[in-house]
$ cat input-v1.cif   # mmCIF, C-alpha atoms
data_query
#
loop_
_atom_site.label_atom_id
_atom_site.label_comp_id
_atom_site.auth_asym_id
_atom_site.auth_seq_id
_atom_site.Cartn_x
_atom_site.Cartn_y
_atom_site.Cartn_z
CA MET A 69 154.16 -63.65 141.00
CA ILE A 70 156.84 -62.44 143.41
CA ILE A 71 160.38 -63.52 142.55
CA ASP A 72 162.47 -64.76 145.44
CA ARG A 73 165.81 -63.19 144.59
CA LYS A 74 167.58 -65.24 147.24
CA LEU A 75 167.14 -68.29 145.04
CA ALA A 76 169.40 -68.69 142.01
CA PRO A 77 167.58 -69.55 138.78
CA PRO A 78 167.95 -73.15 137.59
CA ILE A 79 170.82 -73.98 135.26
CA ASN A 80 169.67 -75.67 132.08
CA GLU A 81 172.20 -77.64 130.11
CA ILE A 82 172.38 -76.72 126.42
CA LYS A 83 171.83 -79.88 124.40
CA SER A 84 170.94 -78.42 121.01
CA PHE A 85 169.75 -75.21 119.38
CA ASN A 86 168.34 -74.12 116.07
CA ILE A 87 170.83 -72.91 113.47
CA VAL A 88 169.28 -70.76 110.76
CA LYS A 89 170.81 -71.86 107.47
CA PRO A 90 170.99 -69.65 104.39
CA ILE A 91 169.26 -70.06 101.06
CA GLN A 92 172.04 -70.42 98.51
CA THR A 93 171.66 -69.41 94.86
CA GLU A 94 173.86 -68.39 91.97
CA MET A 95 173.13 -65.20 90.08
CA PRO A 96 173.29 -64.99 86.25
CA ASN A 97 176.86 -63.66 86.25
CA GLY A 98 178.11 -66.52 88.45
CA MET A 99 178.27 -64.71 91.78
CA LYS A 100 177.19 -66.92 94.66
CA LEU A 101 174.46 -65.45 96.86
CA TYR A 102 173.61 -66.53 100.42
CA VAL A 103 170.43 -65.17 102.01
CA ILE A 104 169.68 -65.37 105.74
CA ASN A 105 166.11 -64.13 106.14
CA SER A 106 165.89 -63.63 109.88
CA GLY A 107 165.30 -60.91 112.43
CA GLU A 108 162.53 -58.50 113.34
CA GLY A 109 163.88 -55.07 112.42
CA ASP A 110 164.03 -53.41 109.02
CA LEU A 111 167.81 -53.49 108.85
CA ILE A 112 169.62 -55.37 106.09
CA LYS A 113 173.31 -56.18 105.98
CA ILE A 114 175.04 -57.00 102.72
CA GLU A 115 178.55 -58.41 102.76
CA TRP A 116 180.82 -59.03 99.80
CA MET A 117 183.60 -61.55 100.37
CA PHE A 118 186.43 -61.50 97.81
CA ALA A 119 189.42 -63.83 97.57
CA ALA A 120 191.63 -60.74 97.59
CA GLY A 121 193.62 -60.83 100.82
CA ASN A 122 197.36 -60.52 101.34
CA TRP A 123 197.86 -64.02 99.94
CA TYR A 124 197.08 -62.77 96.43
CA GLN A 125 198.84 -59.41 96.39
CA PRO A 126 201.84 -58.94 94.07
CA SER A 127 203.65 -56.66 96.54
CA PRO A 128 203.22 -55.47 100.16
CA LEU A 129 200.22 -53.32 101.15
CA VAL A 130 198.42 -53.71 97.80
CA ALA A 131 195.46 -55.71 99.16
CA PHE A 132 195.09 -53.44 102.19
CA THR A 133 195.28 -50.24 100.16
CA VAL A 134 192.82 -51.40 97.48
CA ASN A 135 190.26 -52.49 100.06
CA ASN A 136 190.41 -49.19 101.92
CA THR A 137 190.69 -46.69 99.05
CA MET A 138 187.89 -47.95 96.79
CA VAL A 139 185.74 -45.43 98.61
CA ASP A 140 188.06 -42.55 97.66
CA GLY A 141 186.53 -41.93 94.26
CA THR A 142 184.69 -43.66 91.41
CA ARG A 143 183.88 -42.74 87.83
CA ARG A 144 180.66 -41.15 89.06
CA TYR A 145 181.27 -40.02 92.63
CA THR A 146 184.06 -38.21 94.44
CA SER A 147 185.12 -39.41 97.87
CA LYS A 148 183.24 -36.48 99.40
CA GLN A 149 180.02 -37.34 97.56
CA ILE A 150 180.28 -40.97 98.63
CA ALA A 151 180.75 -40.01 102.27
CA GLU A 152 177.89 -37.48 102.19
CA ASN A 153 175.46 -39.89 100.52
CA ILE A 154 176.23 -42.75 102.89
CA ASP A 155 175.80 -40.39 105.84
CA PHE A 156 172.55 -38.97 104.42
CA TYR A 157 170.96 -42.40 104.24
CA GLY A 158 172.23 -43.40 107.68
CA ALA A 159 174.09 -46.39 106.29
CA VAL A 160 177.23 -47.95 107.74
CA VAL A 161 179.87 -49.16 105.29
CA GLY A 162 182.82 -51.27 106.39
CA TYR A 163 186.04 -52.50 104.83
CA ASN A 164 188.37 -55.19 106.08
CA VAL A 165 191.17 -57.29 104.63
CA ASP A 166 193.02 -60.20 106.20
CA LYS A 167 195.64 -62.70 105.11
CA ASP A 168 193.26 -64.51 102.74
CA ASN A 169 190.14 -62.50 102.00
CA ALA A 170 188.87 -58.97 101.60
CA TYR A 171 185.45 -57.86 102.82
CA VAL A 172 183.13 -54.97 102.10
CA SER A 173 179.88 -54.54 104.02
CA ALA A 174 176.90 -52.19 104.11
CA VAL A 175 174.17 -51.96 106.74
CA THR A 176 171.06 -49.96 105.87
CA LEU A 177 167.34 -49.65 106.41
CA ARG A 178 165.34 -51.56 103.80
CA LYS A 179 163.67 -48.36 102.54
CA HIS A 180 167.10 -46.92 101.67
CA LEU A 181 168.44 -50.09 100.05
CA PRO A 182 168.05 -48.85 96.39
CA TYR A 183 170.05 -45.68 97.07
CA VAL A 184 172.77 -47.35 99.13
CA MET A 185 173.19 -50.16 96.59
CA ASP A 186 173.69 -47.60 93.84
CA ILE A 187 176.62 -46.18 95.80
CA MET A 188 178.02 -49.62 96.58
CA GLU A 189 177.78 -50.67 92.94
CA ASN A 190 179.93 -47.71 91.96
CA ILE A 191 182.47 -48.48 94.67
CA LEU A 192 182.79 -52.16 93.79
CA LYS A 193 182.73 -51.75 90.01
CA THR A 194 184.20 -48.37 89.07
CA ALA A 195 186.72 -47.24 91.71
CA ILE A 196 189.51 -45.14 90.16
CA PHE A 197 192.10 -44.85 92.97
CA PRO A 198 193.11 -41.19 92.54
CA ASP A 199 196.83 -40.69 93.08
CA SER A 200 196.29 -37.83 95.54
CA GLU A 201 193.80 -39.77 97.68
CA VAL A 202 195.96 -42.89 97.73
CA GLY A 203 198.99 -40.80 98.67
CA ILE A 204 197.16 -39.25 101.63
CA PHE A 205 195.96 -42.68 102.75
CA LEU A 206 199.45 -44.19 102.62
CA GLN A 207 201.01 -41.24 104.43
CA LYS A 208 198.43 -41.48 107.19
CA HIS A 209 198.95 -45.22 107.64
CA LYS A 210 202.71 -44.85 107.52
CA GLN A 211 202.43 -42.57 110.53
CA LEU A 212 200.10 -45.04 112.26
CA PHE A 213 202.59 -47.81 111.48
CA GLN A 214 205.39 -45.79 113.11
CA ILE A 215 203.24 -45.40 116.22
CA GLU A 216 202.36 -49.11 116.25
CA GLN A 217 206.03 -50.04 116.00
CA GLY A 218 206.50 -48.33 119.34
CA LYS A 219 204.21 -50.89 120.97
CA VAL A 220 205.96 -54.03 122.17
CA SER A 221 202.80 -56.09 121.63
CA GLN A 222 202.71 -55.26 117.91
CA VAL A 223 206.40 -55.96 117.44
CA ALA A 224 206.03 -59.32 119.19
CA ARG A 225 203.02 -60.22 117.02
CA HIS A 226 204.86 -59.50 113.78
CA ILE A 227 208.03 -61.28 114.83
CA HIS A 228 206.07 -64.30 115.98
CA ALA A 229 204.38 -64.64 112.57
CA ARG A 230 207.72 -64.24 110.80
CA THR A 231 209.46 -66.86 112.94
CA MET A 232 206.72 -69.40 112.21
CA PHE A 233 206.18 -68.85 108.48
CA GLY A 234 209.28 -66.99 107.27
CA ASN A 235 209.53 -63.47 105.93
CA LYS A 236 208.96 -64.57 102.32
CA HIS A 237 205.61 -66.18 103.10
CA PRO A 238 202.36 -64.11 102.88
CA TYR A 239 201.46 -65.23 106.41
CA GLY A 240 204.85 -64.25 107.82
CA TYR A 241 205.97 -61.17 105.92
CA GLN A 242 206.75 -58.25 108.19
CA ILE A 243 205.83 -54.84 106.71
CA THR A 244 208.56 -52.22 106.69
CA GLU A 245 208.33 -48.45 106.63
CA SER A 246 209.70 -48.34 103.08
CA ASP A 247 206.75 -50.43 101.82
CA PHE A 248 204.51 -47.38 102.17
CA THR A 249 206.56 -45.48 99.58
CA THR A 250 206.62 -48.20 96.91
CA VAL A 251 202.88 -48.72 96.35
CA ASP A 252 202.01 -48.01 92.69
CA THR A 253 198.45 -46.89 91.86
CA SER A 254 198.61 -48.73 88.52
CA VAL A 255 199.21 -51.94 90.48
CA LEU A 256 196.23 -51.12 92.71
CA ARG A 257 193.96 -50.69 89.69
CA SER A 258 195.16 -53.95 88.17
CA PHE A 259 194.67 -55.87 91.44
CA TYR A 260 191.19 -54.35 91.84
CA ALA A 261 190.18 -55.35 88.30
CA GLN A 262 191.47 -58.90 88.66
CA HIS A 263 190.07 -59.68 92.12
CA TYR A 264 187.00 -57.48 92.74
CA CYS A 265 184.74 -59.19 90.22
CA PRO A 266 181.69 -61.49 90.45
CA GLU A 267 183.61 -64.68 89.66
CA ASN A 268 185.75 -64.04 92.74
CA CYS A 269 182.99 -62.93 95.11
CA ARG A 270 180.42 -64.39 97.47
CA MET A 271 177.59 -62.12 98.64
CA ILE A 272 175.91 -62.69 102.00
CA VAL A 273 172.63 -60.91 102.76
CA SER A 274 171.14 -61.03 106.26
CA GLY A 275 168.23 -59.41 108.05
CA LYS A 276 164.63 -58.91 107.09
CA VAL A 277 164.87 -59.74 103.38
CA ASP A 278 162.14 -60.29 100.80
CA ASP A 279 162.07 -61.19 97.10
CA SER A 280 162.07 -57.55 95.97
CA ASP A 281 165.33 -56.97 97.86
CA ILE A 282 166.93 -59.95 96.14
CA ARG A 283 165.80 -58.71 92.73
CA LEU A 284 167.28 -55.30 93.48
CA LEU A 285 170.62 -56.80 94.50
CA GLU A 286 170.63 -58.94 91.38
CA GLN A 287 170.04 -55.88 89.20
CA HIS A 288 173.04 -54.14 90.73
CA PHE A 289 175.47 -57.04 91.11
CA GLY A 290 174.14 -60.24 89.57
CA LEU A 291 173.48 -59.62 85.87
CA ASP A 292 176.60 -58.40 84.13
CA SER A 293 180.24 -59.19 84.63
CA TRP A 294 182.83 -56.57 85.44
CA GLY A 295 186.52 -56.34 86.12
CA ASN A 296 189.16 -58.52 84.52
CA TYR A 297 189.02 -61.79 86.43
CA LEU A 298 192.23 -63.79 86.27
CA ALA A 299 191.53 -67.46 86.89
CA GLY A 300 193.96 -69.56 88.87
CA SER A 301 195.57 -69.07 92.25
CA ARG A 302 198.96 -68.09 93.52
CA THR A 303 201.57 -70.82 93.75
CA GLU A 304 201.73 -71.81 97.39
CA PRO A 305 205.09 -70.75 98.85
CA GLU A 306 207.01 -73.02 101.16
CA ILE A 307 206.89 -72.32 104.88
CA VAL A 308 210.46 -71.66 105.99
CA SER A 309 210.46 -70.97 109.71
CA GLU A 310 213.18 -68.54 110.73
CA THR A 311 213.77 -70.09 114.10
CA LEU A 312 212.51 -72.60 116.59
CA GLY A 313 213.12 -71.55 120.14
CA LYS A 314 213.55 -68.29 121.99
CA VAL A 315 213.80 -64.80 120.51
CA PHE A 316 214.39 -61.67 122.58
CA VAL A 317 214.14 -58.18 121.11
CA ALA A 318 215.41 -55.38 123.37
CA ARG A 319 213.31 -52.21 123.65
CA ASN A 320 214.82 -49.93 126.26
CA ASP A 321 211.76 -47.65 126.30
CA ALA A 322 209.34 -50.49 127.08
CA VAL A 323 206.96 -50.16 130.01
CA GLN A 324 206.13 -53.86 129.93
CA ASN A 325 207.52 -56.91 128.18
CA ALA A 326 205.33 -58.51 125.50
CA ILE A 327 205.27 -62.31 125.37
CA ARG A 328 204.19 -64.52 122.46
CA ILE A 329 204.44 -68.30 122.64
CA GLY A 330 203.10 -70.63 119.98
CA LYS A 331 203.45 -72.91 116.98
CA ILE A 332 201.77 -73.90 113.72
CA VAL A 333 198.96 -76.41 114.39
CA GLY A 334 196.78 -76.24 111.26
CA ASN A 335 193.35 -74.74 110.73
CA LYS A 336 189.71 -75.82 110.91
CA LEU A 337 190.37 -78.63 108.46
CA ASN A 338 192.66 -80.32 110.98
CA PRO A 339 190.80 -83.42 112.31
CA ASP A 340 192.01 -82.50 115.81
CA TYR A 341 190.75 -78.92 115.59
CA HIS A 342 187.50 -79.28 117.59
CA GLY A 343 189.26 -81.05 120.45
CA LEU A 344 192.20 -78.68 120.34
CA ASN A 345 189.78 -75.75 120.51
CA ILE A 346 188.37 -77.12 123.75
CA LEU A 347 191.86 -77.63 125.15
CA ASN A 348 192.81 -74.09 124.18
CA CYS A 349 189.72 -72.68 125.86
CA LEU A 350 190.58 -74.47 129.07
CA LEU A 351 194.19 -73.24 128.99
CA GLY A 352 193.64 -69.58 128.11
CA GLY A 353 190.56 -69.11 125.94
CA TYR A 354 188.19 -67.50 128.45
CA PHE A 355 188.24 -65.46 131.64
CA GLY A 356 188.10 -68.52 133.91
CA SER A 357 190.97 -70.29 132.15
CA ARG A 358 193.98 -71.78 133.89
CA LEU A 359 196.36 -69.11 132.61
CA MET A 360 194.11 -66.32 133.86
CA LYS A 361 193.84 -67.93 137.27
CA LYS A 362 197.54 -68.57 137.62
CA ILE A 363 199.22 -65.58 135.93
CA ARG A 364 196.64 -62.88 136.72
CA GLU A 365 194.71 -63.88 139.82
CA GLU A 366 197.26 -65.86 141.82
CA LYS A 367 200.54 -64.22 140.80
CA GLY A 368 199.38 -60.76 139.71
CA TYR A 369 201.91 -60.68 136.86
CA THR A 370 199.53 -59.23 134.29
CA TYR A 371 196.15 -57.65 133.76
CA GLY A 372 195.28 -60.18 131.10
CA ILE A 373 196.59 -63.28 129.36
CA SER A 374 194.97 -65.40 126.70
CA SER A 375 195.61 -68.24 124.32
CA MET A 376 193.94 -68.66 120.94
CA LEU A 377 193.81 -70.67 117.77
CA VAL A 378 194.32 -68.42 114.76
CA THR A 379 192.88 -70.13 111.68
CA LEU A 380 193.99 -69.16 108.20
CA VAL A 381 192.75 -70.66 104.93
CA ARG A 382 196.03 -72.47 104.25
CA SER A 383 197.38 -72.89 107.75
CA GLY A 384 196.82 -71.86 111.35
CA TYR A 385 198.60 -71.52 114.64
CA PHE A 386 198.25 -71.62 118.41
CA THR A 387 199.49 -68.64 120.40
CA ILE A 388 199.65 -67.36 123.97
CA VAL A 389 199.64 -63.58 124.40
CA THR A 390 200.37 -61.41 127.41
CA GLU A 391 202.35 -58.42 128.72
CA VAL A 392 204.16 -58.43 132.06
CA GLY A 393 206.70 -56.39 133.96
CA SER A 394 210.32 -57.10 133.06
CA ALA A 395 211.09 -58.22 136.62
CA VAL A 396 208.52 -61.00 136.44
CA THR A 397 209.04 -62.03 132.80
CA GLN A 398 210.92 -65.22 133.56
CA PRO A 399 208.59 -66.32 136.40
CA ALA A 400 205.62 -65.70 134.07
CA LEU A 401 207.22 -67.79 131.32
CA ASP A 402 207.95 -70.56 133.80
CA ASP A 403 204.35 -70.60 135.01
CA ILE A 404 202.97 -70.60 131.45
CA TYR A 405 205.03 -73.65 130.54
CA ALA A 406 204.12 -75.28 133.85
CA GLU A 407 200.42 -74.96 133.01
CA MET A 408 200.98 -76.53 129.59
CA ASP A 409 203.00 -79.36 131.16
CA LYS A 410 200.25 -79.95 133.70
CA LEU A 411 197.77 -80.49 130.87
CA ARG A 412 200.21 -82.94 129.29
CA ASN A 413 200.65 -84.96 132.46
CA GLU A 414 197.41 -84.74 134.46
CA LYS A 415 193.81 -85.47 133.53
CA ILE A 416 191.43 -82.54 133.67
CA PRO A 417 189.00 -82.82 136.62
CA GLN A 418 185.44 -83.51 135.50
CA GLU A 419 184.04 -80.45 137.26
CA GLU A 420 186.43 -78.14 135.39
CA LEU A 421 185.76 -79.87 132.08
CA THR A 422 181.99 -79.54 132.56
CA ARG A 423 182.35 -75.83 133.26
CA VAL A 424 184.37 -75.29 130.08
CA LYS A 425 181.89 -77.32 128.03
CA ASN A 426 178.97 -75.24 129.30
CA TYR A 427 180.84 -72.03 128.53
CA MET A 428 181.69 -73.12 124.99
CA LEU A 429 178.13 -74.27 124.23
CA GLY A 430 176.87 -70.92 125.48
CA GLU A 431 179.32 -69.15 123.16
CA MET A 432 178.06 -71.22 120.25
CA VAL A 433 174.51 -70.11 120.98
CA ARG A 434 175.73 -66.52 120.93
CA MET A 435 177.30 -67.10 117.50
CA PHE A 436 173.81 -67.58 116.06
CA ASP A 437 172.02 -64.89 118.04
CA GLY A 438 170.49 -62.69 115.36
CA PRO A 439 170.84 -62.50 111.58
CA PHE A 440 174.11 -60.58 111.52
CA ALA A 441 175.79 -63.07 113.88
CA GLN A 442 174.41 -65.89 111.74
CA ALA A 443 176.00 -64.27 108.70
CA GLU A 444 179.38 -64.05 110.44
CA SER A 445 179.16 -67.72 111.36
CA LEU A 446 178.39 -68.53 107.74
CA ILE A 447 181.39 -66.54 106.50
CA SER A 448 183.70 -68.52 108.78
CA LEU A 449 182.51 -71.65 106.95
CA LEU A 450 182.75 -70.21 103.44
CA GLU A 451 186.41 -69.37 103.96
CA TYR A 452 187.19 -73.09 104.14
CA ASP A 453 184.40 -74.39 101.86
CA LEU A 454 182.83 -76.12 104.86
CA ASP A 455 179.14 -76.82 105.42
CA TYR A 456 177.05 -76.67 108.59
CA SER A 457 178.10 -80.16 109.61
CA TYR A 458 181.19 -78.37 110.94
CA TYR A 459 179.09 -76.82 113.70
CA ASP A 460 177.26 -80.09 114.33
CA ASN A 461 180.62 -81.80 114.79
CA SER A 462 181.80 -79.01 117.08
CA ILE A 463 178.74 -79.34 119.32
CA ARG A 464 179.13 -83.10 119.40
CA GLU A 465 182.82 -82.85 120.29
CA ILE A 466 182.15 -80.38 123.11
CA GLN A 467 179.44 -82.61 124.55
CA CYS A 468 181.35 -85.88 124.26
CA VAL A 469 185.05 -85.05 124.71
CA THR A 470 186.75 -86.79 127.61
CA SER A 471 189.71 -85.95 129.82
CA ASP A 472 191.60 -88.83 128.22
CA ARG A 473 191.14 -87.32 124.75
CA LEU A 474 192.29 -83.88 125.92
CA LEU A 475 195.32 -85.41 127.64
CA GLU A 476 196.22 -87.06 124.33
CA LEU A 477 195.87 -83.76 122.44
CA ALA A 478 197.92 -81.86 125.03
CA GLN A 479 200.74 -84.38 124.70
CA LYS A 480 200.62 -83.97 120.92
CA TYR A 481 200.43 -80.18 120.67
CA PHE A 482 201.60 -78.60 123.95
CA ASP A 483 205.21 -79.75 124.10
CA SER A 484 207.17 -76.64 125.12
CA LYS A 485 210.18 -77.85 123.10
CA THR A 486 208.21 -77.34 119.89
CA MET A 487 207.09 -73.79 120.73
CA ASN A 488 208.47 -70.47 119.54
CA GLU A 489 208.94 -67.92 122.32
CA ILE A 490 209.08 -64.20 121.55
CA VAL A 491 209.79 -61.58 124.22
CA VAL A 492 210.02 -57.88 123.35
CA GLY A 493 210.99 -55.32 125.97
CA LEU A 494 213.57 -54.86 128.70
CA PRO A 495 216.22 -57.50 129.50
CA PHE A 496 215.08 -59.97 132.15
#
$ encode --input "input-v1.cif" --output "structure tokens"
Amino acid sequence: MIIDRKLAPPINEIKSFNIVKPIQTEMPNGMKLYVINSGEGDLIKIEWMFAAGNWYQPSPLVAFTVNNTMVDGTRRYTSKQIAENIDFYGAVVGYNVDKDNAYVSAVTLRKHLPYVMDIMENILKTAIFPDSEVGIFLQKHKQLFQIEQGKVSQVARHIHARTMFGNKHPYGYQITESDFTTVDTSVLRSFYAQHYCPENCRMIVSGKVDDSDIRLLEQHFGLDSWGNYLAGSRTEPEIVSETLGKVFVARNDAVQNAIRIGKIVGNKLNPDYHGLNILNCLLGGYFGSRLMKKIREEKGYTYGISSMLVTLVRSGYFTIVTEVGSAVTQPALDDIYAEMDKLRNEKIPQEELTRVKNYMLGEMVRMFDGPFAQAESLISLLEYDLDYSYYDNSIREIQCVTSDRLLELAQKYFDSKTMNEIVVGLPF
């Protein structure tokens, strides 16, 4: 059959798609296990999700340092031995910590799973946090922090969080250079013992998995208890916003001015979240958004501009992010607010709404493309103790939302008078 490349292929509307759901079990020591048996290759990814993010730390940088220096020595292995063994087996080990949770992951071939899990067991159960290694780590990241503080985008991001939540709140605290010199290794060991334990962990396994793999994982992580789990959660601090309105921070060495505009809107548990997510996508959530068309394509003020919903376990916020020349900072701000006002006062044309719906449904399909993507989609539910009905509701909302509903949401959430505005750079 000869393909006529002058004819565009037909466009098929996405109405539904198959979501692979995990098998959930609980191991003898109480750790919850989620298995996504999917995929064709012999790769397996194991992810450990601990409630050990910044929210739980007793002082700044503790959660971040613990998560990243577990690999720097255990009772059995030195940091060099760990690195050499992981490299020998061709595994990839990752560490990440955010405001609420800490994550450790390992990707390996199935045939190497026993050896890699032996290493991971030592890291997760018997890390010792050598003073010398921790000191090197903190010195390195202090230097990186100093470099980051020279970037107007990073300064704007930190100030924006602080203005919304307050500097005494875990979501708003702004790290200082002195924080890198006050980290105590005894505090790291205590935090590790209290939070990196089976009672505080959920394990997600994805890839080509069989019963022998599950038994192996259970032998390493599911039988005995370890650590010193401390039940209970941190008392939730009050959100004390530092300001509501406009903040300008002068940086005379700036090449461009960084802009952050936004407000607290709640997280995925907000009943309006699905509709607000659609509205955000239309405003600045993808390359064909209104902000991209106006600020980048029509006016040429910036290379890129975006809006996003940042969801946190106990809150969440809407933000618009861009960088522009100082001479066009005010015109860019005016146009951003004009686009928000337009959404508050005019119905979205059906053609534009259909295009955004198709884009978002396509992105949802991508979220479940392959076992590792399916695992990531699962993790985003576990953070909020949601089930898969969340995705069913999201698909339904995308398919059924109307211009009237989005107009109502824009009037509720996109009032410029309720937004914080942060500009860092040259006077404008």
$ closest_residue --input "input-v1.cif" --among "A:Asp409, A:Glu489, A:Glu366, A:Glu216" --to "Lys314 of chain A" --atoms "all atoms listed in the file"
A:Glu489
$ atom_distance --input "input-v1.cif" --atom1 "atom CA of Lys485 of chain A" --atom2 "atom CA of Asn320 of chain A"
28.5 Å
$ resolve_selection --input "input-v1.cif" --expression "the PyMOL selection byres ((chain A and resi 417) around 12)" --output "VMD selection string"
chain A and resid 350 410 to 411 414 to 416 418 to 424 470 to 472 474 to 475
$ write_last_selection --input "input-v1.cif" --atoms "C-alpha atoms" --output "compact mmCIF listing (two decimals), in the frame of the given file"
# COMPACT_ATOMS: atom_id res chain seq x y z
CA LEU A 350 190.58 -74.47 129.07
CA LYS A 410 200.25 -79.95 133.70
CA LEU A 411 197.77 -80.49 130.87
CA GLU A 414 197.41 -84.74 134.46
CA LYS A 415 193.81 -85.47 133.53
CA ILE A 416 191.43 -82.54 133.67
CA GLN A 418 185.44 -83.51 135.50
CA GLU A 419 184.04 -80.45 137.26
CA GLU A 420 186.43 -78.14 135.39
CA LEU A 421 185.76 -79.87 132.08
CA THR A 422 181.99 -79.54 132.56
CA ARG A 423 182.35 -75.83 133.26
CA VAL A 424 184.37 -75.29 130.08
CA THR A 470 186.75 -86.79 127.61
CA SER A 471 189.71 -85.95 129.82
CA ASP A 472 191.60 -88.83 128.22
CA LEU A 474 192.29 -83.88 125.92
CA LEU A 475 195.32 -85.41 127.64
$ resolve_selection --input "input-v1.cif" --expression "the PyMOL selection byres ((chain A and resi 434-449) around 9)" --output "MDAnalysis selection string"
chainID A and resid 86:90 102:107 112:113 115 117 272:276 429:433 450:456 458
$ resolve_selection --input "input-v1.cif" --expression "the PyMOL selection byres ((chain A and resi 234) around 12)" --output "list in words"
His226, Ile227, His228, Ala229, Arg230, Thr231, Met232, Phe233, Asn235, Lys236, His237, Pro238, Tyr239, Gly240, Tyr241, Gln242, Pro305, Glu306, Ile307, Val308, Ser309, Glu310, Thr311 and Leu312 of chain A
$ atom_distance --input "input-v1.cif" --atom1 "atom CA of Arg144 of chain A" --atom2 "atom CA of Ala170 of chain A"
23.3 Å
$ residues_around --input "input-v1.cif" --residues "Leu347 of chain A" --least-positions-apart "6" --cutoff "12 Å" --atoms "only C-alpha atoms" --output "ChimeraX atom specification"
/A:340-341,353-354,357-358,375-377,386,407-408,411-412,415-416,420-421,424-425,428,465-466,469-482
$ closest_residue --input "input-v1.cif" --among "A:Val172, A:Val165, A:Val392, A:Ile346" --to "Thr133 of chain A" --atoms "all atoms listed in the file"
A:Val165
$ axis_aligned_box --input "input-v1.cif" --around "segment 183-190 of chain A" --padding-each-side "4 Å" --output "lines of an AutoDock Vina configuration file"
center_x = 175.0
center_y = -48.2
center_z = 95.5
size_x = 17.9
size_y = 13.0
size_z = 15.2
$ atom_distance --input "input-v1.cif" --atom1 "atom CA of Gln222 of chain A" --atom2 "atom CA of Val315 of chain A"
14.9 Å
$ closest_residue --input "input-v1.cif" --among "A:Val223, A:Lys167, A:Ser457, A:Arg270" --to "Gly384 of chain A" --atoms "all atoms listed in the file"
A:Lys167
$ residues_around --input "input-v1.cif" --residues "Val220 of chain A" --least-positions-apart "2" --cutoff "9 Å" --atoms "all atoms listed in the file" --output "PyMOL selection string"
chain A and resi 216-218+222-225+319+322-327+391+491-493
$ residues_around --input "input-v1.cif" --residues "Tyr385 of chain A" --least-positions-apart "4" --cutoff "9 Å" --atoms "all atoms listed in the file" --output "list in words"
Met232, Gly330, Lys331, Ile332, Val333, Gly334, Asn335, Met376, Leu377, Val378, Thr379 and Leu380 of chain A
$ write_last_selection --input "input-v1.cif" --atoms "C-alpha atoms" --output "PDB file, in the coordinates of the input"
ATOM      1  CA  MET A 232     206.720 -69.400 112.210  1.00  0.00           C
ATOM      2  CA  GLY A 330     203.100 -70.630 119.980  1.00  0.00           C
ATOM      3  CA  LYS A 331     203.450 -72.910 116.980  1.00  0.00           C
ATOM      4  CA  ILE A 332     201.770 -73.900 113.720  1.00  0.00           C
ATOM      5  CA  VAL A 333     198.960 -76.410 114.390  1.00  0.00           C
ATOM      6  CA  GLY A 334     196.780 -76.240 111.260  1.00  0.00           C
ATOM      7  CA  ASN A 335     193.350 -74.740 110.730  1.00  0.00           C
ATOM      8  CA  MET A 376     193.940 -68.660 120.940  1.00  0.00           C
ATOM      9  CA  LEU A 377     193.810 -70.670 117.770  1.00  0.00           C
ATOM     10  CA  VAL A 378     194.320 -68.420 114.760  1.00  0.00           C
ATOM     11  CA  THR A 379     192.880 -70.130 111.680  1.00  0.00           C
ATOM     12  CA  LEU A 380     193.990 -69.160 108.200  1.00  0.00           C
TER      13      LEU A 380
END
$ residues_around --input "input-v1.cif" --residues "Met95 of chain A" --least-positions-apart "2" --cutoff "10 Å" --atoms "all atoms listed in the file" --output "count of residues only"
15
$ residues_around --input "input-v1.cif" --residues "Gln125 of chain A" --least-positions-apart "2" --cutoff "10 Å" --atoms "all atoms listed in the file" --output "PDB file with C-alpha atoms, in the frame of the given file"
ATOM      1  CA  ALA A 120     191.630 -60.740  97.590  1.00  0.00           C
ATOM      2  CA  GLY A 121     193.620 -60.830 100.820  1.00  0.00           C
ATOM      3  CA  ASN A 122     197.360 -60.520 101.340  1.00  0.00           C
ATOM      4  CA  TRP A 123     197.860 -64.020  99.940  1.00  0.00           C
ATOM      5  CA  SER A 127     203.650 -56.660  96.540  1.00  0.00           C
ATOM      6  CA  PRO A 128     203.220 -55.470 100.160  1.00  0.00           C
ATOM      7  CA  LEU A 129     200.220 -53.320 101.150  1.00  0.00           C
ATOM      8  CA  VAL A 130     198.420 -53.710  97.800  1.00  0.00           C
ATOM      9  CA  ALA A 131     195.460 -55.710  99.160  1.00  0.00           C
ATOM     10  CA  PHE A 132     195.090 -53.440 102.190  1.00  0.00           C
ATOM     11  CA  LYS A 167     195.640 -62.700 105.110  1.00  0.00           C
ATOM     12  CA  ASP A 168     193.260 -64.510 102.740  1.00  0.00           C
ATOM     13  CA  PRO A 238     202.360 -64.110 102.880  1.00  0.00           C
ATOM     14  CA  VAL A 255     199.210 -51.940  90.480  1.00  0.00           C
ATOM     15  CA  LEU A 256     196.230 -51.120  92.710  1.00  0.00           C
ATOM     16  CA  PHE A 259     194.670 -55.870  91.440  1.00  0.00           C
ATOM     17  CA  HIS A 263     190.070 -59.680  92.120  1.00  0.00           C
ATOM     18  CA  ARG A 302     198.960 -68.090  93.520  1.00  0.00           C
TER      19      ARG A 302
END
$ closest_residue --input "input-v1.cif" --among "A:Cys269, A:Met360, A:Ile243, A:Leu351" --to "His209 of chain A" --atoms "only C-alpha atoms"
A:Ile243
